[in-house]
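First comes the structure, then the notes that go with it.
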Amino acid sequence: MKRLLVSLATIAIFSLFFVSCYYDNEEALYPTLNNSCDTTNVTYSSTITPILNSYCTGCHSGSPPSGGITLTSYASVQALASSGMLINALNGNGVPIMPLSGSLSTCRIAQFQIWVRNGMLNN
Amino acid sequence: MNILNKDAPREINYATATFKSTRIMNGHSIEKMPPGQLDVRISHRFGTINSGAYNFFGLDQSNIHLGLEYGILNWLMVGVGRSELEKTFDGFAKFSILRQSSGAKDMPVSVSVVTSIALKTLKVPDQSRTNYFTSRLAYVGQILVARKISQGLSVQLTPSYVHRNLVATELDPNDIFALGAGARLKLTKRISLNGEYYYIANLKTNFSTQIYNPLSVGFDIETGGHVFQLFFTNSLGMTEKQFIGATTGQWKKGDIHFGFNISRVFMLKKHQKPLNN
């Protein structure tokens, strides 16, 4: 009986964690940010760098960076982009799809492609 | 004869060592750490085999999970861990509800409950939006029903529920319901063949990224105080939240990761009383 009470109490304490349960998705929670896929004004500093910083440089920075690939400087990103490796990795063409935790949204991949097509400018 | 049977005190024989480790491979097994014992776990999942010879079939990349797990009571163990994947911290508690036994008490199966929390600490892509701490959390509840059928064969069914507070798009469900199935076949005294599969019930609803059911096949090798688990799996994640409803690899395409778990048990406290009570 005592054991039953203790187990019920412990389960009750753990279930308290479920109090902060939400049913959110990024589209609904941040409508203004997600509905606008800005493909006209794509720049390295305002479009590409923020995506790299949030999805890529967690692993692809420091020493040694994952896979020997650094994505913290314009020069290294530009080199990977001009070899085609950057876009291939985002689409999983011949290499494991990046990020490993799940591919970027189609909007973000499109922004990368636009930046590459526009000449990979450091703007 | 009846009198004889009455007089002889019948003992309860509990089934022990249904599985070799506290995990079948990725997911929890019915096994728990006995009270006072600390399990230090180091797990790796390498890159995919189809990444080719240049990447040494995936071995150039690795993902790590570190875990510290401890038995508090006969029926309760807790653990904390940290995954490299999405820089995730996790914590769990495993409660034993029923134990398979024969003899004076007949119980066909062992039943445990696992609850766990995962906290993703990867930096949020967009710092300009209002980001909530709760968006980083996911919860998992599992019921483990296991039976040691014979000395060599054990099976387990694992109905699972995963809740993610924040998902990417409206297509992605916050709640995932899955049924896990695992088995262990003993090959020799120290080696067993294990398999584990999770069927995701709401897989048909279109996720924004294609999700597959995680399947793992491999071996448990016991050497003294260590258990080595070596296997192939299509999931990169090592905690429930990361492999149920977030496995993007496909066996058919060769998105197979070689992986291993190493478990080393340290006895921090001597048993106060025998386990069978």
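By convention in this document, the chains of the structure tokens carry letters A, B, ... by their order, each chain's residues are numbered from 1, and ligands are numbered from 1 in the order they are shown.
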TODO: Can you check which residues of chain A have any atom within 7 Å of chain B? Use only C-alpha atoms and format it as a VMD selection string.
DONE: chain A and resid 20 to 27 50 to 51 54 to 55 67 95 to 96 101 to 102
Open item on the list: When DSSP is applied to the backbone of this structure, which of region 15-159 of chain B are assigned strand (DSSP E)? Write them out as a PyMOL selection string.
Closed with: chain B and resi 37-48+62-73+76-83+88-98+101-103+110-120+137-148+153-159
TODO: Step one, run DSSP on the backbone; step two, keep only residues of chain A assigned to alpha helix (DSSP H); then write them as a PyMOL selection string.
DONE: chain A and resi 2-15+26-29+31-35+49-55+74-82+85-91+106-117
Task: Length of the CA of Asn194 (chain B) to CA of Leu268 (chain B) vector [Å] - done: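 For CA of Asn194 (chain B) relative to CA of Leu268 (chain B), the distance reads 29.2 Å.
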Which residues, written as a short mmCIF file (atom, residue, chain, number, x, y, z; two decimals) with N, CA and C atoms, in the first residue's frame, have at least one atom at most 10 Å from Gln151 (chain B), with only C-alpha atoms counted and residues fewer than 6 positions away on the same chain left out?
data_model
loop_
_atom_site.label_atom_id
_atom_site.label_comp_id
_atom_site.auth_asym_id
_atom_site.auth_seq_id
_atom_site.Cartn_x
_atom_site.Cartn_y
_atom_site.Cartn_z
N ALA B 15 11.30 -13.24 -13.22
CA ALA B 15 12.11 -13.32 -14.43
C ALA B 15 13.21 -12.25 -14.34
N THR B 16 14.44 -12.65 -14.56
CA THR B 16 15.54 -11.67 -14.54
C THR B 16 16.20 -11.63 -15.91
N ALA B 17 16.93 -10.56 -16.14
CA ALA B 17 17.69 -10.39 -17.39
C ALA B 17 16.83 -10.63 -18.62
N THR B 18 15.68 -9.97 -18.66
CA THR B 18 14.83 -10.07 -19.86
C THR B 18 15.58 -9.47 -21.05
N LEU B 185 17.27 -12.17 -28.95
CA LEU B 185 17.49 -13.60 -29.11
C LEU B 185 18.91 -13.89 -28.67
N LYS B 186 19.05 -14.73 -27.64
CA LYS B 186 20.37 -15.03 -27.12
C LYS B 186 21.08 -16.01 -28.04
#
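Remark: for Ile109 (chain A), the closest of the candidate residues A:Leu29, A:Leu121, A:Leu52, A:Leu80 is A:Leu52 (distances computed over only C-alpha atoms).
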Task: Å distance separating CA of Tyr14 (chain B) from CA of Ser154 (chain B), one decimal place - done: 14.2 Å
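A straight line drawn from CA of Phe46 (chain B) to CA of Phe231 (chain B) is 10.8 Å long.
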Open item on the list: Quick one: residues within 10 Å of Ser235 (chain B), only C-alpha atoms, excluding same-chain residues fewer than 3 positions away - as number ranges by chain?
Closed with: B: 26, 45, 48, 212-216, 232, 238, 242-244, 246-251, 255-259
Prev. selection, N, CA and C atoms, output as a PDB file, in the first residue's frame:
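Now in again.pdb:
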ATOM      1  N   ASN B  26      17.853   1.795 -29.392  1.00  0.00           N
ATOM      2  CA  ASN B  26      17.583   3.213 -29.189  1.00  0.00           C
ATOM      3  C   ASN B  26      16.648   3.417 -27.997  1.00  0.00           C
ATOM      4  N   ARG B  45      26.238   7.525 -32.919  1.00  0.00           N
ATOM      5  CA  ARG B  45      25.661   7.140 -34.206  1.00  0.00           C
ATOM      6  C   ARG B  45      26.527   7.824 -35.251  1.00  0.00           C
ATOM      7  N   THR B  48      25.738   8.204 -42.487  1.00  0.00           N
ATOM      8  CA  THR B  48      25.049   7.143 -43.222  1.00  0.00           C
ATOM      9  C   THR B  48      26.030   6.342 -44.074  1.00  0.00           C
ATOM     10  N   TYR B 212      10.259   8.553 -41.390  1.00  0.00           N
ATOM     11  CA  TYR B 212      10.184   7.104 -41.525  1.00  0.00           C
ATOM     12  C   TYR B 212      10.159   6.442 -40.153  1.00  0.00           C
ATOM     13  N   ASN B 213       9.717   5.184 -40.144  1.00  0.00           N
ATOM     14  CA  ASN B 213       9.711   4.428 -38.894  1.00  0.00           C
ATOM     15  C   ASN B 213      11.123   3.962 -38.582  1.00  0.00           C
ATOM     16  N   PRO B 214      11.582   4.161 -37.339  1.00  0.00           N
ATOM     17  CA  PRO B 214      12.944   3.724 -37.020  1.00  0.00           C
ATOM     18  C   PRO B 214      13.057   2.211 -36.831  1.00  0.00           C
ATOM     19  N   LEU B 215      14.046   1.635 -37.469  1.00  0.00           N
ATOM     20  CA  LEU B 215      14.314   0.197 -37.357  1.00  0.00           C
ATOM     21  C   LEU B 215      15.785   0.007 -37.017  1.00  0.00           C
ATOM     22  N   SER B 216      16.065  -0.803 -36.021  1.00  0.00           N
ATOM     23  CA  SER B 216      17.444  -1.051 -35.610  1.00  0.00           C
ATOM     24  C   SER B 216      17.671  -2.553 -35.460  1.00  0.00           C
ATOM     25  N   PHE B 232      22.930  -1.425 -36.485  1.00  0.00           N
ATOM     26  CA  PHE B 232      22.636  -0.556 -37.622  1.00  0.00           C
ATOM     27  C   PHE B 232      21.228  -0.009 -37.449  1.00  0.00           C
ATOM     28  N   MET B 238      19.056   9.535 -30.454  1.00  0.00           N
ATOM     29  CA  MET B 238      19.221   8.484 -29.458  1.00  0.00           C
ATOM     30  C   MET B 238      18.241   8.597 -28.314  1.00  0.00           C
ATOM     31  N   GLN B 242      13.798  12.114 -30.376  1.00  0.00           N
ATOM     32  CA  GLN B 242      14.583  12.286 -31.596  1.00  0.00           C
ATOM     33  C   GLN B 242      14.437  11.143 -32.588  1.00  0.00           C
ATOM     34  N   PHE B 243      14.021   9.970 -32.122  1.00  0.00           N
ATOM     35  CA  PHE B 243      13.875   8.900 -33.122  1.00  0.00           C
ATOM     36  C   PHE B 243      12.426   8.550 -33.413  1.00  0.00           C
ATOM     37  N   ILE B 244      11.487   8.938 -32.537  1.00  0.00           N
ATOM     38  CA  ILE B 244      10.072   8.709 -32.850  1.00  0.00           C
ATOM     39  C   ILE B 244       9.543   9.983 -33.497  1.00  0.00           C
ATOM     40  N   ALA B 246      10.967  11.718 -35.876  1.00  0.00           N
ATOM     41  CA  ALA B 246      11.985  12.633 -36.384  1.00  0.00           C
ATOM     42  C   ALA B 246      13.078  11.880 -37.137  1.00  0.00           C
ATOM     43  N   THR B 247      12.789  10.625 -37.503  1.00  0.00           N
ATOM     44  CA  THR B 247      13.765   9.824 -38.247  1.00  0.00           C
ATOM     45  C   THR B 247      13.587  10.098 -39.737  1.00  0.00           C
ATOM     46  N   THR B 248      14.602  10.688 -40.364  1.00  0.00           N
ATOM     47  CA  THR B 248      14.474  11.049 -41.771  1.00  0.00           C
ATOM     48  C   THR B 248      15.171  10.045 -42.687  1.00  0.00           C
ATOM     49  N   GLY B 249      15.898   9.115 -42.105  1.00  0.00           N
ATOM     50  CA  GLY B 249      16.619   8.131 -42.915  1.00  0.00           C
ATOM     51  C   GLY B 249      15.720   6.994 -43.359  1.00  0.00           C
ATOM     52  N   GLN B 250      16.089   6.393 -44.479  1.00  0.00           N
ATOM     53  CA  GLN B 250      15.293   5.311 -45.061  1.00  0.00           C
ATOM     54  C   GLN B 250      16.214   4.129 -45.300  1.00  0.00           C
ATOM     55  N   TRP B 251      15.851   2.957 -44.785  1.00  0.00           N
ATOM     56  CA  TRP B 251      16.689   1.768 -44.966  1.00  0.00           C
ATOM     57  C   TRP B 251      16.878   1.454 -46.447  1.00  0.00           C
ATOM     58  N   ASP B 255      20.202   4.925 -46.025  1.00  0.00           N
ATOM     59  CA  ASP B 255      20.485   5.922 -44.976  1.00  0.00           C
ATOM     60  C   ASP B 255      20.634   5.203 -43.638  1.00  0.00           C
ATOM     61  N   ILE B 256      21.625   4.352 -43.566  1.00  0.00           N
ATOM     62  CA  ILE B 256      21.775   3.502 -42.393  1.00  0.00           C
ATOM     63  C   ILE B 256      22.991   3.976 -41.602  1.00  0.00           C
ATOM     64  N   HIS B 257      22.789   4.159 -40.313  1.00  0.00           N
ATOM     65  CA  HIS B 257      23.888   4.591 -39.453  1.00  0.00           C
ATOM     66  C   HIS B 257      24.399   3.395 -38.669  1.00  0.00           C
ATOM     67  N   PHE B 258      25.721   3.257 -38.621  1.00  0.00           N
ATOM     68  CA  PHE B 258      26.287   2.315 -37.664  1.00  0.00           C
ATOM     69  C   PHE B 258      26.272   3.010 -36.304  1.00  0.00           C
ATOM     70  N   GLY B 259      25.955   2.287 -35.271  1.00  0.00           N
ATOM     71  CA  GLY B 259      25.895   2.916 -33.959  1.00  0.00           C
ATOM     72  C   GLY B 259      26.324   1.973 -32.870  1.00  0.00           C
TER      73      GLY B 259
END
TODO: Would you kindly return, as a ChimeraX atom specification, each protein, DNA or RNA residue with an atom no farther than 12 Å from any atom of His226 (chain B), considering only C-alpha atoms and excluding same-chain residues fewer than 2 positions away?
DONE: /B:20-21,39-42,190,220-224,228-229,261-266
- [ ] Find the residues around Asp38 (chain A) up to 10 Å (only C-alpha atoms counted), leave out those fewer than 5 positions away in its own chain, and share them as a list in words.
- [x]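 Returned residues: Leu33, Thr47, Cys107, Arg108, Ala110 and Gln111 of chain A.
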Got time to write the residues from that selection, C-alpha atoms, as a PDB file, in the first residue's frame?
ATOM      1  CA  LEU A  33       7.762  35.886 -40.360  1.00  0.00           C
ATOM      2  CA  THR A  47      19.735  36.363 -45.342  1.00  0.00           C
ATOM      3  CA  CYS A 107      12.028  28.958 -48.729  1.00  0.00           C
ATOM      4  CA  ARG A 108      15.457  28.933 -47.101  1.00  0.00           C
ATOM      5  CA  ALA A 110      15.489  28.815 -52.410  1.00  0.00           C
ATOM      6  CA  GLN A 111      17.201  31.808 -50.785  1.00  0.00           C
TER       7      GLN A 111
END
